[in-house]
$ cat query_15.tsv   # TSV, C-alpha atoms and all ligand atoms
chain	number	residue	atom	x	y	z
H	6	MET	CA	85.35	61.08	52.19
H	7	ARG	CA	85.67	57.61	50.68
H	8	ILE	CA	86.21	57.07	46.94
H	9	ASP	CA	85.87	53.68	45.22
H	10	VAL	CA	86.59	53.01	41.57
H	11	VAL	CA	85.53	49.87	39.69
H	12	THR	CA	87.46	49.28	36.45
H	13	ILE	CA	88.99	46.57	34.27
H	14	PHE	CA	92.28	48.53	34.36
H	15	PRO	CA	93.07	49.08	38.06
H	16	GLU	CA	96.65	50.14	37.26
H	17	TYR	CA	95.27	53.05	35.23
H	18	LEU	CA	94.19	54.57	38.56
H	19	ASP	CA	97.66	54.41	40.12
H	20	PRO	CA	98.07	58.21	39.80
H	21	LEU	CA	95.38	58.54	42.47
H	22	ARG	CA	98.11	57.60	44.93
H	23	ALA	CA	100.59	60.20	43.66
H	24	ALA	CA	101.20	63.86	44.51
H	25	LEU	CA	98.33	65.84	46.02
H	26	LEU	CA	95.92	62.89	46.13
H	27	GLY	CA	98.52	60.58	47.64
H	28	ARG	CA	99.23	63.11	50.37
H	29	ALA	CA	95.50	63.41	51.09
H	30	ILE	CA	95.37	59.60	51.52
H	31	ASP	CA	98.49	59.54	53.72
H	32	ARG	CA	97.02	62.25	55.93
H	33	GLY	CA	93.72	60.37	56.30
H	34	LEU	CA	91.68	63.05	54.51
H	35	ILE	CA	90.38	60.54	51.94
H	36	GLU	CA	90.21	56.75	51.65
H	37	VAL	CA	90.54	55.26	48.17
H	38	GLY	CA	89.66	51.76	46.93
H	39	VAL	CA	90.32	50.56	43.37
H	40	HIS	CA	88.58	47.30	42.35
H	41	ASP	CA	89.15	45.03	39.36
H	42	LEU	CA	85.76	44.34	37.77
H	43	ARG	CA	87.05	40.95	36.58
H	44	GLY	CA	87.11	39.89	40.23
H	45	TRP	CA	83.32	39.49	39.93
H	46	THR	CA	83.47	37.18	36.87
H	47	HIS	CA	83.03	33.44	37.24
H	48	ASP	CA	83.95	32.11	33.76
H	49	VAL	CA	87.38	30.93	32.70
H	50	HIS	CA	87.77	33.82	30.21
H	51	ARG	CA	86.76	36.40	32.83
H	52	ALA	CA	84.60	38.03	30.14
H	53	VAL	CA	83.02	41.37	31.00
H	54	ASP	CA	81.41	42.25	27.66
H	55	ASP	CA	79.06	40.84	25.05
H	56	ALA	CA	77.56	41.82	21.68
H	57	PRO	CA	74.97	44.61	21.67
H	58	TYR	CA	71.27	43.81	21.23
H	59	GLY	CA	70.10	45.38	18.00
H	60	GLY	CA	73.50	44.93	16.38
H	61	GLY	CA	76.15	47.52	15.68
H	62	PRO	CA	79.87	47.79	16.32
H	63	GLY	CA	81.60	47.35	19.66
H	64	MET	CA	80.70	45.44	22.78
H	65	VAL	CA	78.55	46.25	25.81
H	66	MET	CA	79.58	45.49	29.39
H	67	LYS	CA	77.50	42.73	30.96
H	68	PRO	CA	74.92	43.63	33.61
H	69	GLN	CA	75.37	40.59	35.89
H	70	ILE	CA	79.02	41.38	36.61
H	71	TRP	CA	78.49	45.10	37.13
H	72	GLY	CA	75.44	44.39	39.28
H	73	ALA	CA	77.39	42.11	41.61
H	74	ALA	CA	80.33	44.56	41.79
H	75	LEU	CA	78.15	47.54	42.65
H	76	ASP	CA	76.16	45.48	45.20
H	77	ASP	CA	79.46	44.83	47.01
H	78	VAL	CA	81.09	48.26	46.67
H	79	CYS	CA	78.11	50.57	47.21
H	80	ALA	CA	76.53	51.06	50.61
H	81	GLU	CA	74.12	53.33	52.46
H	82	GLY	CA	75.18	56.90	51.65
H	83	SER	CA	76.95	56.14	48.33
H	84	ARG	CA	76.62	58.24	45.19
H	85	LEU	CA	77.36	56.39	41.95
H	86	VAL	CA	79.10	58.33	39.17
H	87	VAL	CA	79.30	56.80	35.70
H	88	PRO	CA	81.64	58.64	33.31
H	89	THR	CA	80.27	58.69	29.77
H	90	PRO	CA	80.42	61.16	26.87
H	91	ALA	CA	76.60	60.99	26.96
H	92	GLY	CA	76.47	62.37	30.52
H	93	ARG	CA	75.77	65.78	32.03
H	94	PRO	CA	78.80	68.08	31.87
H	95	PHE	CA	81.22	67.96	34.81
H	96	ASP	CA	82.00	71.48	36.00
H	97	GLN	CA	83.27	73.32	39.08
H	98	ALA	CA	79.78	73.48	40.60
H	99	LEU	CA	79.50	69.68	40.38
H	100	ALA	CA	83.01	69.33	41.84
H	101	HIS	CA	81.87	71.42	44.85
H	102	ALA	CA	78.72	69.30	45.21
H	103	TYR	CA	80.74	66.05	45.11
H	104	ALA	CA	83.14	67.46	47.71
H	105	GLU	CA	80.19	67.34	50.15
H	106	GLU	CA	79.54	63.60	49.60
H	107	GLU	CA	80.61	60.93	52.09
H	108	HIS	CA	81.10	58.13	49.51
H	109	LEU	CA	81.65	58.42	45.75
H	110	VAL	CA	81.70	55.24	43.65
H	111	PHE	CA	82.96	55.56	40.07
H	112	ALA	CA	81.99	52.85	37.55
H	113	CYS	CA	84.37	52.93	34.57
H	114	GLY	CA	82.84	51.66	31.36
H	115	ARG	CA	84.86	50.59	28.34
H	116	TYR	CA	83.85	49.57	24.84
H	117	GLU	CA	80.42	50.91	23.92
H	118	GLY	CA	79.40	51.37	27.55
H	119	ILE	CA	77.64	49.48	30.32
H	120	ASP	CA	74.24	47.78	29.91
H	121	GLN	CA	71.80	50.59	30.79
H	122	ARG	CA	69.93	48.37	33.27
H	123	VAL	CA	72.95	48.49	35.61
H	124	ILE	CA	72.57	52.25	35.91
H	125	ASP	CA	68.77	52.13	36.11
H	126	ASP	CA	68.91	49.41	38.78
H	127	ALA	CA	71.45	51.32	40.90
H	128	ALA	CA	69.25	54.42	40.64
H	129	ARG	CA	66.52	52.49	42.48
H	130	ARG	CA	68.74	52.47	45.57
H	131	MET	CA	71.07	55.48	45.42
H	132	PRO	CA	71.73	58.76	43.61
H	133	VAL	CA	73.36	58.10	40.24
H	134	ASP	CA	74.93	60.57	37.81
H	135	GLU	CA	76.11	59.88	34.28
H	136	VAL	CA	78.78	62.54	33.77
H	137	SER	CA	80.92	63.75	30.84
H	138	ILE	CA	84.18	65.66	31.24
H	139	GLY	CA	83.93	67.23	27.79
H	140	ASP	CA	82.68	66.97	24.25
H	141	TYR	CA	85.14	64.36	23.03
H	142	VAL	CA	85.27	60.58	23.29
H	143	LEU	CA	87.83	58.77	25.43
H	144	VAL	CA	88.52	55.05	25.26
H	145	GLY	CA	87.00	54.54	28.69
H	146	GLY	CA	86.01	56.27	31.90
H	147	GLU	CA	89.34	55.90	33.76
H	148	ALA	CA	90.95	59.16	32.62
H	149	ALA	CA	87.68	60.98	33.34
H	150	VAL	CA	87.72	59.59	36.89
H	151	LEU	CA	91.25	60.90	37.44
H	152	VAL	CA	90.11	64.34	36.28
H	153	MET	CA	86.99	64.40	38.45
H	154	VAL	CA	88.67	63.02	41.58
H	155	GLU	CA	91.47	65.60	41.36
H	156	ALA	CA	88.95	68.44	40.93
H	157	VAL	CA	86.92	67.22	43.93
H	158	VAL	CA	89.68	66.27	46.36
H	159	ARG	CA	91.54	69.58	46.09
H	160	LEU	CA	88.35	71.24	47.42
H	161	LEU	CA	88.30	69.17	50.62
H	162	PRO	CA	89.31	71.06	53.75
H	163	GLY	CA	93.00	70.64	54.52
H	164	VAL	CA	94.05	69.26	51.12
H	165	LEU	CA	95.50	72.45	49.62
H	166	GLY	CA	98.27	74.21	51.51
H	167	ASN	CA	96.63	77.57	50.90
H	168	PRO	CA	92.80	77.41	50.76
H	169	ALA	CA	92.73	80.85	49.09
H	170	SER	CA	94.12	79.28	45.92
H	171	ALA	CA	90.96	77.19	45.45
H	172	GLU	CA	88.88	80.32	45.92
H	173	GLN	CA	90.75	82.26	43.27
H	174	ASP	CA	90.56	79.60	40.55
H	175	SER	CA	88.95	80.08	37.23
H	176	PHE	CA	85.23	79.21	37.52
H	177	SER	CA	85.07	79.63	41.30
H	178	ALA	CA	82.58	81.91	42.96
H	179	PHE	CA	85.47	84.19	43.94
H	180	SER	CA	86.26	85.25	40.40
H	181	GLY	CA	82.57	85.68	39.61
H	182	GLY	CA	82.53	83.03	36.89
H	183	LEU	CA	85.37	84.65	34.90
H	184	LEU	CA	88.62	83.06	33.77
H	185	GLU	CA	91.72	83.93	35.77
H	186	GLY	CA	94.05	86.46	34.15
H	187	PRO	CA	97.83	86.09	33.64
H	188	SER	CA	100.38	85.66	36.47
H	189	TYR	CA	104.01	86.75	36.70
H	190	THR	CA	107.00	86.15	38.97
H	191	ARG	CA	110.65	87.25	39.01
H	192	PRO	CA	112.70	88.32	37.12
H	193	GLU	CA	111.21	91.70	36.28
H	194	VAL	CA	112.47	91.46	32.68
H	195	TRP	CA	112.82	88.10	30.90
H	196	ARG	CA	113.73	87.73	27.21
H	197	ASP	CA	112.99	91.44	26.67
H	198	MET	CA	109.55	91.13	28.23
H	199	ALA	CA	108.77	93.17	31.33
H	200	VAL	CA	106.20	92.39	34.01
H	201	PRO	CA	103.27	94.87	33.73
H	202	ASP	CA	104.16	98.05	35.71
H	203	VAL	CA	100.91	98.03	37.65
H	204	LEU	CA	101.85	94.77	39.41
H	205	ARG	CA	104.95	96.44	40.84
H	206	SER	CA	103.14	99.66	41.80
H	207	GLY	CA	102.16	98.52	45.30
H	208	ASN	CA	98.73	100.11	44.69
H	209	HIS	CA	96.36	97.28	45.56
H	210	ALA	CA	93.18	98.98	44.36
H	211	LEU	CA	94.82	99.51	40.96
H	212	ILE	CA	96.14	95.94	40.92
H	213	ASP	CA	92.66	94.53	41.69
H	214	ARG	CA	91.15	96.66	38.93
H	215	TRP	CA	93.83	95.53	36.47
H	216	ARG	CA	93.30	91.87	37.35
H	217	ARG	CA	89.55	92.23	36.89
H	218	ASP	CA	90.06	93.87	33.46
H	219	GLU	CA	92.46	91.11	32.37
H	220	SER	CA	89.94	88.48	33.52
H	221	LEU	CA	87.15	90.15	31.59
H	222	GLU	CA	89.20	90.54	28.42
H	223	ARG	CA	90.45	86.97	28.50
H	224	THR	CA	86.97	85.59	29.18
H	225	ALA	CA	85.36	87.69	26.43
H	226	LEU	CA	87.97	86.43	23.98
H	227	ARG	CA	88.18	82.76	24.97
H	228	ARG	CA	84.81	81.99	26.57
H	229	PRO	CA	82.13	84.47	25.44
H	230	ASP	CA	79.57	81.92	26.68
H	231	LEU	CA	80.68	82.64	30.27
H	232	ILE	CA	80.19	86.40	29.84
H	233	ALA	CA	76.73	85.78	28.38
H	234	ALA	CA	75.87	83.64	31.42
H	235	LEU	CA	76.82	86.31	33.99
H	236	PRO	CA	73.96	87.75	36.06
H	237	GLU	CA	72.89	91.25	34.86
H	238	ASP	CA	74.15	93.04	37.96
H	239	SER	CA	77.59	91.40	38.11
H	240	LEU	CA	79.21	93.88	35.68
H	241	ASP	CA	79.82	97.48	36.73
H	242	ALA	CA	80.13	100.45	34.36
H	243	HIS	CA	83.91	100.06	34.12
H	244	ASP	CA	83.53	96.31	33.34
H	245	ARG	CA	81.15	97.07	30.47
H	246	ALA	CA	83.71	99.46	28.98
H	247	VAL	CA	86.31	96.65	28.95
S	1	LIG	N1	84.19	58.12	28.54
S	1	LIG	C1	84.50	58.30	27.23
S	1	LIG	N2	84.50	59.60	26.92
S	1	LIG	C2	84.18	60.29	28.07
S	1	LIG	C3	84.01	61.66	28.37
S	1	LIG	N3	84.17	62.62	27.47
S	1	LIG	N4	83.67	61.98	29.63
S	1	LIG	C4	83.49	61.02	30.55
S	1	LIG	N5	83.64	59.71	30.32
S	1	LIG	C5	83.98	59.34	29.08
$ encode --input "query_15.tsv" --output "structure tokens"
Amino acid sequence: MRIDVVTIFPEYLDPLRAALLGRAIDRGLIEVGVHDLRGWTHDVHRAVDDAPYGGGPGMVMKPQIWGAALDDVCAEGSRLVVPTPAGRPFDQALAHAYAEEEHLVFACGRYEGIDQRVIDDAARRMPVDEVSIGDYVLVGGEAAVLVMVEAVVRLLPGVLGNPASAEQDSFSAFSGGLLEGPSYTRPEVWRDMAVPDVLRSGNHALIDRWRRDESLERTALRRPDLIAALPEDSLDAHDRAV
């Protein structure tokens, strides 16, 4: 997979080269390009924004500069992703879908956003998604790109040491759309608190049942919306009792 990011703050994307993502680059599992949008300006001020038509606060990013940048960075087979609080929600299903793409291009807007014609024009040539990572407003799309790229890249074959850990995550198909329950390691007692007996019982059927119950309880408490969204037949009689 190739990932390109266009931004006015290229250094903000430096963490892409650290830790898990950096190792994926070093091992040739992904290629990453970060591009300074100002490289496509021609004026002495290298201006990328202008006042909004119709008035109002803030500035809008200029279409000519974004158009030229995306013409250069996008190619046959690219998918353009534009982070914006006005986008469709990013979730684990979208992360899995993006993990199948050959080329993701992220266009980071700042200020009040990018002139809409840039997005509409790109959509004439390639798939384009406007995507939000949550119901809050960031200063720009850069932090959202870091979040999305990390969620996608860890799903690529060979990136995680143990592929089972991706399967067992909260929100994955493995856990049936429930949140993961609590985890424990040694010591057995820490600050007067003991690890639940069942986890030391060696009885794997009991342990699985306990983990499922903890998942259900936690999900019901923290994310009742996820329980409501479960298919009818995904809860057994014991689950309903929990
Ligand atoms: N840019 C600003 N806020 C954002 C959000 N919540 N998600 C994605 N991009 C953003």
$ closest_atom_pairs --input "query_15.tsv" --of "chain H" --to "ligand LIG 1 (chain S)" --cutoff "9 Å" --atoms "only C-alpha atoms and all ligand atoms" --output "JSON lines"
{"residue": "H:Val87", "atom": "CA", "partner": "S:LIG1", "partner_atom": "N5", "distance": 7.5}
{"residue": "H:Pro88", "atom": "CA", "partner": "S:LIG1", "partner_atom": "N5", "distance": 3.8}
{"residue": "H:Thr89", "atom": "CA", "partner": "S:LIG1", "partner_atom": "N5", "distance": 3.6}
{"residue": "H:Pro90", "atom": "CA", "partner": "S:LIG1", "partner_atom": "C3", "distance": 3.9}
{"residue": "H:Ala91", "atom": "CA", "partner": "S:LIG1", "partner_atom": "C3", "distance": 7.6}
{"residue": "H:Gly92", "atom": "CA", "partner": "S:LIG1", "partner_atom": "C4", "distance": 7.1}
{"residue": "H:Pro94", "atom": "CA", "partner": "S:LIG1", "partner_atom": "N4", "distance": 8.1}
{"residue": "H:Phe95", "atom": "CA", "partner": "S:LIG1", "partner_atom": "N4", "distance": 8.3}
{"residue": "H:Cys113", "atom": "CA", "partner": "S:LIG1", "partner_atom": "N1", "distance": 8.0}
{"residue": "H:Gly114", "atom": "CA", "partner": "S:LIG1", "partner_atom": "N1", "distance": 7.2}
{"residue": "H:Arg115", "atom": "CA", "partner": "S:LIG1", "partner_atom": "N1", "distance": 7.6}
{"residue": "H:Gly118", "atom": "CA", "partner": "S:LIG1", "partner_atom": "N1", "distance": 8.3}
{"residue": "H:Glu135", "atom": "CA", "partner": "S:LIG1", "partner_atom": "C4", "distance": 8.3}
{"residue": "H:Val136", "atom": "CA", "partner": "S:LIG1", "partner_atom": "C4", "distance": 5.9}
{"residue": "H:Ser137", "atom": "CA", "partner": "S:LIG1", "partner_atom": "N4", "distance": 3.5}
{"residue": "H:Ile138", "atom": "CA", "partner": "S:LIG1", "partner_atom": "N4", "distance": 4.0}
{"residue": "H:Gly139", "atom": "CA", "partner": "S:LIG1", "partner_atom": "N3", "distance": 4.6}
{"residue": "H:Asp140", "atom": "CA", "partner": "S:LIG1", "partner_atom": "N3", "distance": 5.6}
{"residue": "H:Tyr141", "atom": "CA", "partner": "S:LIG1", "partner_atom": "N3", "distance": 4.9}
{"residue": "H:Val142", "atom": "CA", "partner": "S:LIG1", "partner_atom": "N2", "distance": 3.8}
{"residue": "H:Leu143", "atom": "CA", "partner": "S:LIG1", "partner_atom": "N2", "distance": 3.7}
{"residue": "H:Val144", "atom": "CA", "partner": "S:LIG1", "partner_atom": "C1", "distance": 5.5}
{"residue": "H:Gly145", "atom": "CA", "partner": "S:LIG1", "partner_atom": "N1", "distance": 4.6}
{"residue": "H:Gly146", "atom": "CA", "partner": "S:LIG1", "partner_atom": "N1", "distance": 4.2}
{"residue": "H:Glu147", "atom": "CA", "partner": "S:LIG1", "partner_atom": "N1", "distance": 7.7}
{"residue": "H:Ala148", "atom": "CA", "partner": "S:LIG1", "partner_atom": "N5", "distance": 7.7}
{"residue": "H:Ala149", "atom": "CA", "partner": "S:LIG1", "partner_atom": "C4", "distance": 5.0}
{"residue": "H:Val150", "atom": "CA", "partner": "S:LIG1", "partner_atom": "N5", "distance": 7.7}
$ residues_near_point --input "query_15.tsv" --point "(86.9, 91.3, 28.5)" --cutoff "10 Å" --atoms "only C-alpha atoms" --output "number ranges by chain"
H: 183-184, 217-229, 232, 244-247
$ residues_around --input "query_15.tsv" --residues "Leu160 of chain H" --least-positions-apart "6" --cutoff "9 Å" --atoms "all atoms listed in the file" --output "ChimeraX atom specification"
/H:100-101,104,168,171
$ closest_atom_pairs --input "query_15.tsv" --of "segment 96-208 of chain H" --to "segment 61-75 of chain H" --cutoff "9 Å" --atoms "only C-alpha atoms" --output "CSV"
residue,atom,partner,partner_atom,distance
H:Val110,CA,H:Leu75,CA,8.5
H:Ala112,CA,H:Leu75,CA,8.3
H:Gly114,CA,H:Met66,CA,7.3
H:Arg115,CA,H:Met66,CA,7.4
H:Tyr116,CA,H:Met64,CA,5.6
H:Glu117,CA,H:Val65,CA,5.4
H:Gly118,CA,H:Val65,CA,5.5
H:Ile119,CA,H:Met66,CA,4.5
H:Asp120,CA,H:Pro68,CA,5.6
H:Gln121,CA,H:Pro68,CA,8.1
H:Arg122,CA,H:Pro68,CA,6.9
H:Val123,CA,H:Pro68,CA,5.6
H:Asp126,CA,H:Gly72,CA,8.3
H:Ala127,CA,H:Leu75,CA,7.9
$ closest_residue --input "query_15.tsv" --among "H:Leu34, H:Ile13, H:Val203, H:Ile8" --to "Pro162 of chain H" --atoms "only C-alpha atoms"
H:Leu34
$ closest_residue --input "query_15.tsv" --among "H:Pro192, H:Arg216, H:Ala234, H:Ile35" --to "Glu155 of chain H" --atoms "only C-alpha atoms"
H:Ile35
$ closest_residue --input "query_15.tsv" --among "H:Ala23, H:Leu18, H:Leu165, H:Leu204" --to "Gly38 of chain H" --atoms "all atoms listed in the file"
H:Leu18
$ residues_around --input "query_15.tsv" --residues "Leu26 of chain H" --least-positions-apart "2" --cutoff "12 Å" --atoms "all atoms listed in the file" --output "ChimeraX atom specification"
/H:8,18-24,28-37,151-161,163-165
$ closest_residue --input "query_15.tsv" --among "H:Asn208, H:Asn167, H:Ser83, H:Thr46" --to "Met6 of chain H" --atoms "all atoms listed in the file"
H:Ser83
$ atom_distance --input "query_15.tsv" --atom1 "atom CA of Ala233 of chain H" --atom2 "atom CA of Ala102 of chain H"
23.6 Å
$ atom_distance --input "query_15.tsv" --atom1 "atom CA of Asp125 of chain H" --atom2 "atom CA of Leu42 of chain H"
18.8 Å
$ atom_distance --input "query_15.tsv" --atom1 "atom CA of Ala56 of chain H" --atom2 "atom CA of Tyr17 of chain H"
25.0 Å
$ closest_residue --input "query_15.tsv" --among "H:Pro132, H:Leu25, H:Thr12, H:Pro187" --to "Val53 of chain H" --atoms "only C-alpha atoms"
H:Thr12
$ axis_aligned_box --input "query_15.tsv" --around "segment 134-145 of chain H" --padding-each-side "8 Å" --output "AutoDock Vina command-line options"
--center_x 81.7 --center_y 60.9 --center_z 30.4 --size_x 29.6 --size_y 28.7 --size_z 30.8
$ residues_around --input "query_15.tsv" --residues "Arg191 of chain H" --least-positions-apart "5" --cutoff "12 Å" --atoms "only C-alpha atoms" --output "short mmCIF file (atom, residue, chain, number, x, y, z; two decimals) with C-alpha atoms, keeping the file's coordinate frame"
data_model
loop_
_atom_site.label_atom_id
_atom_site.label_comp_id
_atom_site.auth_asym_id
_atom_site.auth_seq_id
_atom_site.Cartn_x
_atom_site.Cartn_y
_atom_site.Cartn_z
CA MET H 198 109.55 91.13 28.23
CA ALA H 199 108.77 93.17 31.33
CA VAL H 200 106.20 92.39 34.01
CA PRO H 201 103.27 94.87 33.73
CA LEU H 204 101.85 94.77 39.41
CA ARG H 205 104.95 96.44 40.84
#
$ decode --input "query_15.tsv" --residues "segment 129-209 of chain H" --atoms "C-alpha atoms" --output "compact mmCIF listing (two decimals), in the first residue's frame"
# COMPACT_ATOMS: atom_id res chain seq x y z
CA ARG H 129 -15.03 13.16 -11.12
CA ARG H 130 -11.87 11.05 -11.43
CA MET H 131 -11.52 8.90 -8.31
CA PRO H 132 -13.35 7.69 -5.20
CA VAL H 133 -13.41 10.43 -2.57
CA ASP H 134 -14.48 10.22 1.08
CA GLU H 135 -14.95 13.10 3.50
CA VAL H 136 -14.37 11.45 6.87
CA SER H 137 -14.67 12.50 10.54
CA ILE H 138 -12.87 10.77 13.40
CA GLY H 139 -15.39 11.95 15.98
CA ASP H 140 -17.90 14.55 17.04
CA TYR H 141 -15.44 17.26 18.01
CA VAL H 142 -13.53 19.87 16.04
CA LEU H 143 -9.77 19.72 15.59
CA VAL H 144 -7.65 22.57 14.25
CA GLY H 145 -6.96 20.66 11.07
CA GLY H 146 -6.96 17.22 9.48
CA GLU H 147 -3.39 16.20 10.41
CA ALA H 148 -4.16 14.54 13.76
CA ALA H 149 -7.12 12.76 12.13
CA VAL H 150 -4.78 11.39 9.44
CA LEU H 151 -2.43 10.00 12.10
CA VAL H 152 -5.39 8.26 13.75
CA MET H 153 -6.75 6.80 10.52
CA VAL H 154 -3.38 5.67 9.14
CA GLU H 155 -2.51 3.89 12.39
CA ALA H 156 -5.90 2.11 12.43
CA VAL H 157 -5.47 1.02 8.80
CA VAL H 158 -1.80 0.04 8.74
CA ARG H 159 -2.01 -2.25 11.77
CA LEU H 160 -4.53 -4.33 9.79
CA LEU H 161 -2.13 -4.96 6.90
CA PRO H 162 -0.73 -8.47 6.74
CA GLY H 163 2.62 -8.74 8.49
CA VAL H 164 2.43 -5.44 10.40
CA LEU H 165 1.38 -6.80 13.81
CA GLY H 166 3.59 -9.42 15.43
CA ASN H 167 0.56 -11.46 16.41
CA PRO H 168 -2.34 -11.19 13.91
CA ALA H 169 -4.73 -12.60 16.55
CA SER H 170 -4.48 -9.33 18.46
CA ALA H 171 -6.16 -7.42 15.60
CA GLU H 172 -8.91 -10.02 15.56
CA GLN H 173 -9.62 -9.69 19.26
CA ASP H 174 -9.86 -5.89 19.33
CA SER H 175 -12.87 -3.98 20.40
CA PHE H 176 -15.17 -3.47 17.37
CA SER H 177 -13.68 -6.33 15.34
CA ALA H 178 -15.81 -9.11 13.93
CA PHE H 179 -14.17 -11.49 16.42
CA SER H 180 -15.73 -9.89 19.47
CA GLY H 181 -19.09 -9.62 17.72
CA GLY H 182 -19.22 -5.84 17.90
CA LEU H 183 -18.74 -5.72 21.69
CA LEU H 184 -16.09 -3.83 23.65
CA GLU H 185 -13.19 -5.87 24.98
CA GLY H 186 -13.32 -6.68 28.69
CA PRO H 187 -10.54 -6.11 31.25
CA SER H 188 -7.07 -7.74 31.10
CA TYR H 189 -4.69 -8.76 33.89
CA THR H 190 -1.08 -9.88 34.25
CA ARG H 191 1.21 -10.78 37.17
CA PRO H 192 1.38 -10.32 40.11
CA GLU H 193 -1.66 -12.23 41.32
CA VAL H 194 -2.30 -9.64 44.05
CA TRP H 195 -1.37 -5.97 43.59
CA ARG H 196 -2.26 -3.21 46.09
CA ASP H 197 -4.74 -5.58 47.78
CA MET H 198 -6.47 -6.35 44.50
CA ALA H 199 -6.51 -9.94 43.27
CA VAL H 200 -6.83 -11.13 39.68
CA PRO H 201 -10.30 -12.73 39.18
CA ASP H 202 -10.11 -16.43 40.25
CA VAL H 203 -11.65 -17.68 37.02
CA LEU H 204 -8.64 -16.47 34.99
CA ARG H 205 -6.36 -18.71 37.05
CA SER H 206 -8.73 -21.71 36.95
CA GLY H 207 -7.30 -23.22 33.76
CA ASN H 208 -10.89 -23.93 32.67
CA HIS H 209 -11.01 -22.39 29.20
